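One structure is given below, encoded as C-alpha cells.
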Amino acid sequence: MSASRADRSPTRQRVLSGMQPSGLLHLGNLLGALENWKALQDQYECFFFVADWHALSTNYADTSRVREYTREMLMDWLAAGIDPRRATVFVQSRVPEHAILHLLLSMVIPVPWLERVPTYKEKQEELSERDLTTYGFLGYPVLQAADILIYKADYVPVGKDQLPHLELTREIARRFNSLYRPVFPEPKEHLTQYPKVLGTDGRKMSKSYGNTINLADPEPVVRQKLKTMVTDPARVRRTDPGNPDICPVYDFHKIFSPTQVIQRINRECRTAEIGCIDCKKLSADAMVERLQPIWSARARLNANPAQVEQIIEDGSHRASEVARRTLEEVKQAMKI
Ligand code: SF4
C-alpha cells in the first residue's frame with residue numbers, strides 16, 4: 001500500500017518551500033531562492049510560506065519584529081514576481097495544522113535523531129550568546145518535517161548543505177508510515193544551483209556580515225553601496241591594471257549587465273582603460289534597471305496594506321484546506 005496521492009493536482013507535482021522572516025531580503029535571496037521559485041511556480045503546484053514559527057526557534061527572546069519582518073518578506077516575494085494566483089503563498093502561523101502535526105510527529109521521533117542533525121551543534125556554537133538548549137530548537141527539524149509532510153510535497157528545493165534535513169524528513173515519514181499506515185509520500189530534493197552572490201565587502205552576501213544590498217533599498221542607497229564596494233585589492237592606482245576575475249563588482253556585471261558591457265569591462269579593466277569608479281557606475285546602472293520593476297511593485301504593495309493582508313488571508317486559507325485533510329488522515333491512521 002502506498003501513501004495516498006488524492007487531494008492534489010492531477011497534472012502537476014507539488015513543491016513546498018519556506019523562508020524565515022529574519023529581516024529584509026537582499027540580492028542573494030533574489031538571485032538564489034526567489035528566481036528559482038519564480039521558475040518553479042510555472043511547472044509545479046507550489047506552496048511558499050513565511051516560516052515565522054521557525055524564526056522563534058533561535059529568536060524566542062526577542063519577538064518584537066517577527067510580524068513586521070513577515071509582512072516585509074511577503075511584499076519582497078510579491079514584488080519580485082511570486083504570483084499568488086499561480087502559487088499558494090501563506091504564513092505558517094496562520095495554518096495551525098503545522099503545529100498539530102509537529103506535536104503528533106514529536107511523539108514518534110527518537111531524540112537522538114534530532115541531536116545528530118549537524119546544524120544542531122553548529123548553530124548552538126555559532127549563536128553561543130543565546131541559550132539554544134530549548135525544546136523548540138531541538139525540535140526544529142520535526143517542525144520542518146511537519147511543514148513538508150502536511151502538504152505531501154513531492155519536491156523541496158534545497159542546496160546540497162540542506163540534504164541531511166530532507167533525509168531526516170524522509171526518515172520521519174517512513175517511521176510514521178510503518179508504525180501506523182502509509183500516509184506520507186517521501187519528498188525528494190529539487191537540487192538548486194544558487195549563484196554565489198558576494199556582498200559589498202567581497203564576502204558572501206549575508207545579513208550577519210552587514211554587507212547586503214536589499215531589495216527594499218532605494219536607488220541612492222544602492223548606488224552608494226556599490227561606490228564603497230571592494231574591488232581587486234591589487235588595483236591601487238587608476239593606472240594599475242586590474243583582474244576582474246577576482247573582483248566582486250565584475251561578478252555583479254556578469255549577473256546584471258548586457259554582454260557587451262561585460263566584455264568591455266573584462267578587456268578594459270585588465271589594461272586600465274577603465275577606472276573602478278566608472279566601472280562601478282556601469283554596474284549600478286544595470287542593477288538599478290533590474291531592480292526598478294521590483295521597487296515599483298513594492299511601492300504599490302506598500303500603499304495597499306489591505307491587498308497584502310488579503311493575499312496572506314487567501315493563501316493561508318487555501319493551505320489550511322489541504323493541511324486539514326492531511327491531518328484528518330493522520331488522525332485516522334493513529335486512531336485518535
Ligand atoms: S575596473 Fe571594475 S572589474 Fe576592474 S577592478 Fe575595478 S571595479 Fe573591479
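As shown in the C-alpha cells, the chain order sets the letters A, B, ...; within each chain, residues go from 1, and ligands are also counted from 1 in the order they appear.
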Could you pull out the residues in segment 153-231 of chain A that DSSP calls alpha helix (DSSP H) from the backbone, as a JSON list (two decimals) with N, CA, C and O atoms, in the first residue's frame?
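Wrote it out as result06.json, contents follow:
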[["chain", "number", "residue", "atom", "x", "y", "z"],
["A", 163, "LEU", "N", 20.65, 18.80, 2.42],
["A", 163, "LEU", "CA", 20.21, 17.43, 2.14],
["A", 163, "LEU", "C", 19.98, 16.59, 3.41],
["A", 163, "LEU", "O", 19.01, 15.83, 3.48],
["A", 164, "PRO", "N", 20.85, 16.70, 4.44],
["A", 164, "PRO", "CA", 20.61, 15.90, 5.65],
["A", 164, "PRO", "C", 19.25, 16.20, 6.29],
["A", 164, "PRO", "O", 18.59, 15.30, 6.83],
["A", 165, "HIS", "N", 18.81, 17.46, 6.24],
["A", 165, "HIS", "CA", 17.50, 17.80, 6.81],
["A", 165, "HIS", "C", 16.37, 17.08, 6.08],
["A", 165, "HIS", "O", 15.44, 16.57, 6.67],
["A", 166, "LEU", "N", 16.51, 17.06, 4.74],
["A", 166, "LEU", "CA", 15.46, 16.42, 3.96],
["A", 166, "LEU", "C", 15.46, 14.91, 4.19],
["A", 166, "LEU", "O", 14.40, 14.27, 4.25],
["A", 167, "GLU", "N", 16.65, 14.35, 4.35],
["A", 167, "GLU", "CA", 16.73, 12.92, 4.62],
["A", 167, "GLU", "C", 16.04, 12.60, 5.95],
["A", 167, "GLU", "O", 15.35, 11.58, 6.07],
["A", 168, "LEU", "N", 16.20, 13.49, 6.92],
["A", 168, "LEU", "CA", 15.53, 13.26, 8.21],
["A", 168, "LEU", "C", 14.01, 13.30, 8.03],
["A", 168, "LEU", "O", 13.28, 12.49, 8.61],
["A", 169, "THR", "N", 13.53, 14.22, 7.20],
["A", 169, "THR", "CA", 12.08, 14.26, 6.92],
["A", 169, "THR", "C", 11.62, 12.94, 6.32],
["A", 169, "THR", "O", 10.56, 12.40, 6.68],
["A", 170, "ARG", "N", 12.43, 12.39, 5.41],
["A", 170, "ARG", "CA", 12.05, 11.10, 4.81],
["A", 170, "ARG", "C", 12.04, 9.99, 5.87],
["A", 170, "ARG", "O", 11.14, 9.15, 5.89],
["A", 171, "GLU", "N", 13.02, 10.03, 6.77],
["A", 171, "GLU", "CA", 13.06, 9.02, 7.84],
["A", 171, "GLU", "C", 11.83, 9.14, 8.73],
["A", 171, "GLU", "O", 11.25, 8.14, 9.16],
["A", 172, "ILE", "N", 11.45, 10.37, 9.00],
["A", 172, "ILE", "CA", 10.26, 10.60, 9.85],
["A", 172, "ILE", "C", 9.01, 10.06, 9.13],
["A", 172, "ILE", "O", 8.17, 9.40, 9.74],
["A", 173, "ALA", "N", 8.91, 10.34, 7.83],
["A", 173, "ALA", "CA", 7.76, 9.83, 7.06],
["A", 173, "ALA", "C", 7.74, 8.31, 7.09],
["A", 173, "ALA", "O", 6.68, 7.70, 7.32],
["A", 174, "ARG", "N", 8.90, 7.70, 6.90],
["A", 174, "ARG", "CA", 8.96, 6.22, 6.89],
["A", 174, "ARG", "C", 8.54, 5.66, 8.25],
["A", 174, "ARG", "O", 7.81, 4.68, 8.33],
["A", 175, "ARG", "N", 9.02, 6.29, 9.31],
["A", 175, "ARG", "CA", 8.69, 5.78, 10.65],
["A", 175, "ARG", "C", 7.19, 5.87, 10.90],
["A", 175, "ARG", "O", 6.57, 4.94, 11.39],
["A", 176, "PHE", "N", 6.61, 7.02, 10.53],
["A", 176, "PHE", "CA", 5.17, 7.17, 10.72],
["A", 176, "PHE", "C", 4.42, 6.13, 9.88],
["A", 176, "PHE", "O", 3.54, 5.43, 10.38],
["A", 177, "ASN", "N", 4.79, 6.04, 8.60],
["A", 177, "ASN", "CA", 4.08, 5.13, 7.69],
["A", 177, "ASN", "C", 4.16, 3.68, 8.17],
["A", 177, "ASN", "O", 3.20, 2.92, 8.03],
["A", 178, "SER", "N", 5.31, 3.29, 8.74],
["A", 178, "SER", "CA", 5.42, 1.89, 9.16],
["A", 178, "SER", "C", 4.75, 1.65, 10.52],
["A", 178, "SER", "O", 4.25, 0.56, 10.78],
["A", 179, "LEU", "N", 4.72, 2.67, 11.37],
["A", 179, "LEU", "CA", 4.06, 2.49, 12.67],
["A", 179, "LEU", "C", 2.54, 2.40, 12.53],
["A", 179, "LEU", "O", 1.89, 1.62, 13.21],
["A", 219, "GLU", "N", 17.13, 53.68, -4.65],
["A", 219, "GLU", "CA", 18.21, 53.79, -5.65],
["A", 219, "GLU", "C", 19.48, 54.48, -5.11],
["A", 219, "GLU", "O", 20.59, 53.95, -5.31],
["A", 220, "PRO", "N", 19.35, 55.63, -4.41],
["A", 220, "PRO", "CA", 20.59, 56.28, -3.95],
["A", 220, "PRO", "C", 21.40, 55.38, -3.01],
["A", 220, "PRO", "O", 22.63, 55.41, -3.02],
["A", 221, "VAL", "N", 20.69, 54.57, -2.21],
["A", 221, "VAL", "CA", 21.40, 53.67, -1.28],
["A", 221, "VAL", "C", 22.13, 52.58, -2.06],
["A", 221, "VAL", "O", 23.29, 52.26, -1.77],
["A", 222, "VAL", "N", 21.47, 52.04, -3.08],
["A", 222, "VAL", "CA", 22.11, 51.00, -3.90],
["A", 222, "VAL", "C", 23.37, 51.57, -4.55],
["A", 222, "VAL", "O", 24.45, 50.96, -4.52],
["A", 223, "ARG", "N", 23.24, 52.77, -5.11],
["A", 223, "ARG", "CA", 24.40, 53.37, -5.79],
["A", 223, "ARG", "C", 25.54, 53.64, -4.80],
["A", 223, "ARG", "O", 26.71, 53.41, -5.09],
["A", 224, "GLN", "N", 25.17, 54.12, -3.61],
["A", 224, "GLN", "CA", 26.20, 54.41, -2.60],
["A", 224, "GLN", "C", 26.90, 53.12, -2.16],
["A", 224, "GLN", "O", 28.12, 53.08, -2.00],
["A", 225, "LYS", "N", 26.11, 52.05, -1.99],
["A", 225, "LYS", "CA", 26.71, 50.78, -1.55],
["A", 225, "LYS", "C", 27.70, 50.26, -2.60],
["A", 225, "LYS", "O", 28.76, 49.75, -2.27],
["A", 226, "LEU", "N", 27.33, 50.44, -3.87],
["A", 226, "LEU", "CA", 28.25, 49.99, -4.93],
["A", 226, "LEU", "C", 29.52, 50.84, -4.97],
["A", 226, "LEU", "O", 30.61, 50.33, -5.21],
["A", 227, "LYS", "N", 29.36, 52.13, -4.70],
["A", 227, "LYS", "CA", 30.53, 53.03, -4.70],
["A", 227, "LYS", "C", 31.57, 52.57, -3.69],
["A", 227, "LYS", "O", 32.77, 52.69, -3.92]]
>> as a VMD selection string, please: the residues near Asp154 of chain A (cut-off 8 Å, only C-alpha atoms, same-chain neighbours under 4 positions excluded).
In response: chain A and resid 13 to 15 185 to 188
Hey, can you spit out that residue selection with N, CA and C atoms as a CSV table (one decimal), in the first residue's frame?
chain,number,residue,atom,x,y,z
A,13,GLN,N,3.2,18.1,-10.1
A,13,GLN,CA,3.7,17.7,-8.8
A,13,GLN,C,3.8,18.9,-7.9
A,14,ARG,N,3.9,18.6,-6.6
A,14,ARG,CA,3.8,19.6,-5.6
A,14,ARG,C,5.2,20.0,-5.0
A,15,VAL,N,5.4,21.3,-4.9
A,15,VAL,CA,6.7,21.8,-4.3
A,15,VAL,C,6.4,22.6,-3.1
A,185,PRO,N,3.9,10.5,1.4
A,185,PRO,CA,4.9,10.2,0.4
A,185,PRO,C,6.3,10.8,0.9
A,186,GLU,N,7.4,10.2,0.4
A,186,GLU,CA,8.7,10.7,0.8
A,186,GLU,C,9.1,11.8,-0.2
A,187,PRO,N,9.3,13.0,0.4
A,187,PRO,CA,9.6,14.1,-0.5
A,187,PRO,C,11.1,14.0,-1.1
A,188,LYS,N,11.2,14.4,-2.3
A,188,LYS,CA,12.5,14.3,-3.0
A,188,LYS,C,13.1,15.8,-3.0
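Atom CA of Leu25 of chain A is positioned 20.6 Å from atom CA of Gly315 of chain A.
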> Running DSSP on the backbone, which parts of segment 93-173 of chain A land in strand (DSSP E or B), as number ranges by chain?
Replying inline: A: 155-158
Could you write out that same residue set with C-alpha atoms as a compact mmCIF listing (two decimals), in the first residue's frame?
# COMPACT_ATOMS: atom_id res chain seq x y z
CA TYR A 155 9.79 18.12 -4.04
CA VAL A 156 11.59 20.51 -1.74
CA PRO A 157 14.09 22.95 -3.30
CA VAL A 158 17.33 22.58 -1.36
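Neighbouring residues of ligand 1 at a cut-off of 8 Å, counting only C-alpha atoms and all ligand atoms, are A:Val230, A:Thr231, A:Asp232, A:Pro233, A:Arg235, A:Pro241, A:Gly242, A:Asn243, A:Pro244, A:Asp245, A:Ile246, A:Cys247, A:Pro248, A:Val249, A:Tyr250, A:Ile265, A:Asn266, A:Glu268, A:Cys269, A:Arg270, A:Ala272, A:Ile274, A:Gly275, A:Cys276, A:Ile277, A:Asp278, A:Cys279, A:Lys280.
By only C-alpha atoms, and with residues fewer than 3 positions from Phe48 of chain A along its chain excluded, the set lying at most 8 Å from it is Leu16, Ser17, Gly18, Ala87, Thr88, Val89 and Phe90 of chain A.
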